[in-house]
Each structure stands twice: as structure tokens, then as C-alpha cells.
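Peer 1: Have a look at the structure that comes next, please.
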Amino acid sequence: MKFKHFLGNIALTMVLAVSSSVSAADSGSAQTVKRELDPNGQLFTYMDFEDGWGKVTKDINAALKDTPLGNKNFAVLADALGLSQIKAFGMSSTSLKDGYDNRFFLHTPGGRTGLLAIFPGKPAAFEGARFAPADTDLFADVRLDAPAVVSAITQIATSVSDNREAATLALAMFMADPTGYGSLLNFKGRVVAIARLHPHQEVARVEAESSSKIPLDIFLRAEGGGTNVSKILSQRDDWKSETKGGRTYFSADKNGNEIVVIVEGETVMAGLPRAFVEECLARKDSLAQNTAFTQALADTAQMGHAVFYATPRVYTELRGYSDQAMGLAGLASSEHGAQYIQQLLATIPVPTKPVISVIVARPDGLLVRERSVQSLKMALPVVALLTPDFLGQILRVTAQTYAATSAEERANETTHQKISADLDRAGDAAIRYFAAHTDEGTVKLSVLRDAMPEEKLPDFQSTLANDLEFTRQSDKVDLELKSGHSITHVIKLTPAQRTTIETNLQKIAEASVEYLVVKNSSPSISTLVDNGYFEKVESLFGEDYDQLTLELN
């Protein structure tokens with residue numbers, strides 16, 4: 001009944017979430033979200049988070065209070081992720097001649113914090129397009145605030161870490177790294193990424209040959225960190241350097257890929273091959289003059305904090321890689337599996353024109369605008385799942401279930417600790433029994449008690465539901481408690497048993513060295529036994545000497 005009731009709550013939550021577009025009050029948040037969207041499109045949805053994730057995290061902390069996770073601060077975690085700042089969100093899709101104008105807005109009236117603070121400053125023009133050749137397949141121009149991300153990650157680490165002081169110290173040590181890597185986390189500025197795919201025949205050839213050569217041209221540009229990058233690469237023997245025209249060039253060959261890093265003041269440019277990097281820097285016939293790009297930018301937002309541009313070929317290639325990846329994962333191992341994957345991939349539309357997405361960080365929220373071949377209606381069920389109403393309820397139930405399970409495990413552990421010494425006594429008696437009865441592979445505790453009355457072995461009747469059974473070749477005993485739970489006990493080695501095992505290992509080590517000297521190759525255990533270097537070792541507790549790996553070091 002409880003499960004059915006929970007499913008009923010889930011269904012009701014989804015209905016309320018999806019229908020909120022028509023029943024939401026015309027509140028201040030609703031007006032703000034409406035300002036950024038198109039309320040007259042095919043789709044317009046508004047969802048108010050009300051108390052949002054703050055209430056959810058309080059409930060989770062309360063549920064986990066008496067568990068090993070009781071010291072975790074999930075409220076700080078929600079702050080660090082930026083979730084607690086989201087008070088509402090909305091999305092709209094407007095049908096156009098060649099696709100859809102999709103908009104998505106997260107409303108954060110208290111400002112953007114945590115990971116949502118990744119985009120600094122006011123919206124600005126996307127100047128990075130001047131570095132991208134007109135035939136660019138993938139382009140991104142993003143302004144990043146690395147210190148804000150580091151701060152959020154620090155909060156996340158300290159809120160979930162078992163040792164907050166150690167987590168904070170580890171990050172501080174990395175930031176103070178004398179080689180300069182840590183200082184790169186102080187980056188705050190523009191990052192441009194450009195990629196141009198090689199002809200399809202070459203991509204297919206590289207894939208068929210399993211070559212390490214990358215079948216695309218890459219260019220990266222970051223407005224900061226030049227001094228530190230120069231310091232790091234100048235200390236590496238595998239990078240050659242030269243200075244030309246006020247720029248320092250660092251080059252290296254990595255698995256057949258010609259990589260170059262160029263430092264000009266504090267600006268860092270990198271990519272492969274060198275000819276493509278220099279082509280981007282020459283800024284001739286750039287993407288900034290590409291009609292499709294400039295029109296898409298004009299239709300979305302010419303100023304913002306991030307822009308992502310991809311040609312139809314990128315989606316075609318990604319679909320091929322997705323098919324291959326799922327096949328490697330075993331999802332297409334059967335005929336039905338392969339057919340399902342093909343049908344699933346076929347539902348993903350391939351654009352006939354470049355797709356562009358723009359992110360604009362407002363003081364009171366985060367706006368995403370996209371020109372796409374698919375409406376956001378397809379994403380509505382997924383978005384509804386991410387609300388505090390729905391996902392929050394799942395997390396609450398999960399926390400309550402974990403708390404109940406944790407309490408049971410702690411009770412089981414307490415019981416186990418009380419009888420642990422007696423179990424070791426019984427286990428030692430079983431070993432001596434097996435030594436005297438070489439034809440028997442198992443023995444029950446009741447048999448041991450009858451065979452060894454002088455031992456006065458415990459019977460565990462008040463604790464265990466069944467008679468214990470010991471196995472000759474195993475040091476594990478499975479216990480069925482009267483509470484209905486199961487635990488496993490590992491019988492401790494006695495000093496004599498430990499000495500026997502260590503002696504066996506010493507014999508194997510000596511025989512291995514002798515074999516290596518004579519044969520000049522690494523042996524297996526069976527090889528050593530077959531060649532008479534020592535007799536086969538018998539197992540005491542089920543330890544498998546045949547699985548040992550022998551190395552000369």
C-alpha cells in the first residue's frame with residue numbers, strides 16, 4: 001500500500017508540474033520569467049519552486065540525523081550547487097520556418113551563487129568568432145570565473161567530506177603548487193574553443209586503423225594564465241620552445257599529433273596541428289562573417305556569457321559514435337538490442353542547419369536560448385523530474401529508506417561484535433576438527449559441540465536462526481540472525497596459521513627467483529610445481545595460491 005501511495009504521489013506531482021503553466025499565479029517570479037520567454041509560442045511553461053531545495057535539504061538532514069551521513073550538510077551542498085537560489089523556472093518554444101526558438105530561464109532573485117556563478121560580469125559580444133575559420137564545425141566562446149567554481153567545489157567537498165579540514169587543506173596545497181598548476185585555477189576571463197572535422201573518409205580510416213592520430217583540427221584560446229603556462233612548459237623536457245614576434249611557441253609530438261602552445265603576454269593559445277592554430281590567428285574569412293552564424297546569433301542573443309555553435313555534421317558524427325559506444329558497452333549484443341538502439345538514435349533529429357545556443361547570465365537568473373530542430377516539449381517530462389516537488393520527494397524517501405537500513409545495519413554490527421570472539425573460537429575448533437577428519441569438507445557447530453564437549457563451545461541459540469556450518473576451504477561463515485537479517489563473519493588467522501601461510505609465500509618467492517635466473521622469464525605457480533621447484537601448496541583457509549602474480553622487483 002505504501003508503494004502504491006508513493007506512486008500516486010509521483011503521478012500527482014508530474015501532473016501538477018506539467019499543468020503549472022496554466023495555473024501559476026501571476027506573481028513577481030512569474031512576471032520575471034515571462035519577461036525572458038515567449039508566452040505566445042507553441043509551449044510556455046512556468047514552475048514555481050516556492051521553498052524549493054532549502055526545504056528538501058532540511059528534510060534530508062533530519063532523516064539522516066542518526067546515520068553515518070548525519071554530519072553531512074546538505075543545505076550547504078544545495079547552496080554550493082546553486083540549487084537553493086532557484087525560485088522558479090520557465091521555458092517556451094516558438095515554431096519557426098526552419099525549426100524552433102527555444103528558451104529556458106532559471107529565476108534566482110537573490111543572485112547566482114555556487115556553480116551558477118560560473119559566468120562573470122555583464123553580457124558582452126562574442127568576439128571569439130573572429131578566430132574561427134568559416135568552415136568551423138564546432139565553436140564555443142565562454143567567459144568563465146574559475147575562482148567561483150573553485151569556491152563552490154570547496155563548499156561541496158567540505159559539506160560531504162568525512163574530514164573537512166583535510167579536504168580544505170588538500171585544495172589549498174594544490175593552489176599553492178610551486179609548479180604553477182594550482183595557480184591556473186585563478187583564471188577569470190574568456191575561453192574560445194574551435195574544432196574542424198577532417199573529411200569523413202579520413203575519420204573512418206583513423207577509426208578503422210585504431211590510430212591515435214586525432215581526425216580534427218583544434219584551436220583553444222584563453223585570456224589569462226600565460227605566465228604560469230610558460231613557467232610549467234619551460235620546465236618540461238618533452239616541449240621545445242622558440243620565441244618569434246613577441247610570442248613564445250612550445251611544441252611537442254604526442255602519439256603522432258603535432259601540438260603547439262603559444263603564449264603572448266597573459267594570453268594562451270593552443271591546438272593541433274600548428275598550421276591550423278596559425279590559420280585561426282590569421283583571422284581570414286572567419287565565422288564572424290558567416291551568414292548562418294551571424295543570423296542565428298541575431299535571432300538569439302548577440303551579447304551574453306557563452307555561445308555554442310555546431311554544424312549538422314557534428315550531430316551526424318556524434319550519432320555514429322553513440323551507436324558504436326553503446327555497442328561496445330554490450331547494449332547491442334543481441335539483434336533486438338541493436339534494433340532498439342537504431343530506433344532510439346533515429347528519433348534524435350539531425351539538423352539541416354547549424355544549431356546555436358546562447359547563455360546569458362542575468363543578475364536575477366540564467367537564460368538559455370537556442371535555435372534547434374526540436375521543440376522543448378520533448379524535454380518537458382525530464383524537466384518536471386528535476387523539480388523539488390518530484391526529485392525532492394524521491395530524495396526524501398531515499399533518505400528515509402537509507403536511515404532505516406542504516407539503523408538495521410548498526411544493530412546487526414552490534415550483534416556481530418558481541419559474538420565475534422565466540423565465532424573465532426568455534427572457527428578454530430572447526431579447523432582442528434578438519435585436521436582430524438581429512439575426508440570431511442563441512443561441519444556444523446552442533447557436531448563440533450558433540451565431538452568436543454571439553455571445549456564448551458557456544459550454541460548461539462538466542463541470536464542465530466540456524467545451526468552454523470563451517471567449510472574446510474573457507475574462512476567465511478554466513479550467519480542468519482533471528483531478526484531475519486544476514487551477516488558474514490571472517491574467522492581470524494591464528495599465529496600458527498599466519499606463520500604457515502607466510503612460509504608458503506616465502507617458498508614460492510624463492511622458487512620464483514630461482515626459475516627467473518635459470519629460464520629468464522616469469523613463471524606461473526603451476527609452472528613452478530610442474531618443473532619440480534616445489535610441491536603444490538595446500539590451502540588452509542581457501543586462499544588460492546594459483547592466482548598469485550609473480551614479479552621480479
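In the C-alpha cells, the first chain shown is A, the next is B, and so on; residue numbers restart at 1 for each chain, and ligands run from 1 in the order shown.
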Taking only segment 388-551 of chain A into account, list the residues labelled strand (DSSP E) by DSSP (computed from the backbone), as a list in words.
Peer 2: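 So the strand (DSSP E) residues in segment 388-551 of chain A would be Thr442, Val443, Lys444, Glu469, Phe470, Thr471, Lys476, Val477, Asp478, Leu479, Glu480, Ser486, Ile487, Thr488, His489 and Val490 of chain A.
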Peer 1: I want to know what sits within 8 Å of Ala430 of chain A, based on only C-alpha atoms, with residues of the same chain fewer than 6 positions away left out; could you give that as a count of residues only?
Peer 2: 3
Peer 1: Run DSSP on the backbone and tell me which residues of segment 119-244 of chain A come out as helix (DSSP H, G or I); list them as a VMD selection string.
Peer 2: chain A and resid 127 to 131 146 to 160 164 to 175 182 to 186 200 to 208 226 to 234
Peer 1: Hey, what's within 7 Å of Ile491 of chain A if we count only C-alpha atoms and toss same-chain stuff fewer than 3 positions away? As number ranges by chain, please?
Peer 2: A: 424, 427, 475-476
Peer 1: Taking only C-alpha atoms into account, which of A:His416, A:Arg103, A:Lys482, A:Arg498 comes nearest Glu543 of chain A?
Peer 2: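 So, comparing all the options, the nearest one is A:Arg498.
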Peer 1: Would you pick out the contacts of segment 189-194 of chain A at 7 Å or less, using only C-alpha atoms, so that residues sharing its chain but fewer than 4 positions from it are not included, and give the list as a ChimeraX atom specification?
Peer 2: /A:128,132,136,138-145,218-224
Peer 1: When you count only C-alpha atoms, which of these residues is closest to Leu481 of chain A: A:Ser420, A:Gln547, A:Asn412, A:Asn504?
Peer 2: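 Smallest distance to Leu481 of chain A is found for A:Asn412.
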Peer 1: Any idea what the distance is between atom CA of Leu540 of chain A and atom CA of Gln497 of chain A?
Peer 2: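 Spanning atom CA of Leu540 of chain A to atom CA of Gln497 of chain A is a straight-line distance of 7.6 Å.
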Peer 1: Near Asp546 of chain A, within 12 Å and counting only C-alpha atoms, which residues show up once chain neighbours fewer than 3 positions away are dropped, as a list in words?
Peer 2: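 In the requested format, the answer is Leu505, Ile508, Pro523, Ser524, Ile525, Ser526, Thr527, Leu528, Val529, Lys536, Val537, Glu538, Ser539, Gly542, Glu543, Thr549 and Leu550 of chain A.
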Peer 1: With a distance cut-off of 10 Å and only C-alpha atoms, select the neighbouring residues of Ser251 of chain A, excluding the residue or stretch itself and same-chain residues fewer than 6 positions from it, and output the selection as a short mmCIF file (atom, residue, chain, number, x, y, z; two decimals) with C-alpha atoms, in the first residue's frame.
Peer 2:
```cif
data_model
loop_
_atom_site.label_atom_id
_atom_site.label_comp_id
_atom_site.auth_asym_id
_atom_site.auth_seq_id
_atom_site.Cartn_x
_atom_site.Cartn_y
_atom_site.Cartn_z
CA LEU A 233 56.19 24.12 -20.06
CA ASP A 238 59.34 16.99 -23.86
CA TRP A 239 58.38 20.52 -25.04
CA LYS A 240 60.57 22.55 -27.42
CA SER A 241 60.35 26.33 -27.26
CA GLU A 242 61.11 29.25 -29.57
CA GLU A 258 51.60 17.86 -33.57
CA ILE A 259 50.59 20.02 -30.60
CA VAL A 260 51.55 23.67 -30.15
CA VAL A 261 51.06 26.08 -27.25
CA ILE A 262 51.58 29.79 -27.90
CA ALA A 270 46.93 26.01 -28.14
CA GLY A 271 45.86 23.32 -30.55
CA LEU A 272 46.82 20.99 -33.35
CA PRO A 273 48.22 20.94 -35.91
CA ARG A 274 50.34 24.08 -35.82
#
```
Peer 1: Given only C-alpha atoms as the basis, pick out the residue of A:Leu468, A:Ala275, A:Leu169, A:Ile232 nearest to Asp217 of chain A.
Peer 2: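 When distances to Asp217 of chain A are compared using only C-alpha atoms, the smallest one comes from A:Ala275.
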Peer 1: Record the distance separating atom CA of Leu366 of chain A and atom CA of Arg112 of chain A, expressed in Å with one decimal.
Peer 2: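 Spanning atom CA of Leu366 of chain A to atom CA of Arg112 of chain A is a straight-line distance of 8.2 Å.
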Peer 1: For each of A:Tyr545, A:Ile156, A:Glu266, A:Ser406, take the minimum atom-to-atom distance to Glu502 of chain A, counting only C-alpha atoms, then give the residue where this is smallest.
Peer 2: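 Result for the nearest residue to Glu502 of chain A: A:Tyr545.
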Peer 1: In Å, with one decimal, what is the gap from atom CA of Trp53 of chain A to atom CA of Ala361 of chain A?
Peer 2: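 Interatomic distance here is 21.0 Å.
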Peer 1: Any chance you could tabulate, as CSV, the residues of segment 36-127 of chain A at most 10 Å from segment 391-402 of chain A with each one's nearest atom pair and distance in Å to one decimal, using only C-alpha atoms, in chain and rising number order?
Peer 2:
```
residue,atom,partner,partner_atom,distance
A:Gly52,CA,A:Gly392,CA,8.7
A:Trp53,CA,A:Gly392,CA,7.4
A:Lys55,CA,A:Gly392,CA,9.0
A:Val56,CA,A:Gly392,CA,5.8
A:Thr57,CA,A:Gly392,CA,8.5
A:Lys58,CA,A:Arg396,CA,9.8
A:Asp59,CA,A:Arg396,CA,6.7
A:Ile60,CA,A:Arg396,CA,5.7
A:Asn61,CA,A:Ala399,CA,8.5
A:Ala62,CA,A:Ala399,CA,9.2
A:Ala63,CA,A:Gln400,CA,5.6
A:Leu64,CA,A:Ala399,CA,6.4
A:Thr67,CA,A:Tyr402,CA,8.4
A:Leu69,CA,A:Tyr402,CA,9.6
```
Peer 1: Find, counting only C-alpha atoms, the residue in A:Asp285, A:Tyr249, A:Ala465, A:Val33 that gets nearest to Ala134 of chain A.
Peer 2: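 Of A:Asp285, A:Tyr249, A:Ala465, A:Val33, the one nearest Ala134 of chain A, counting only C-alpha atoms, is A:Asp285.
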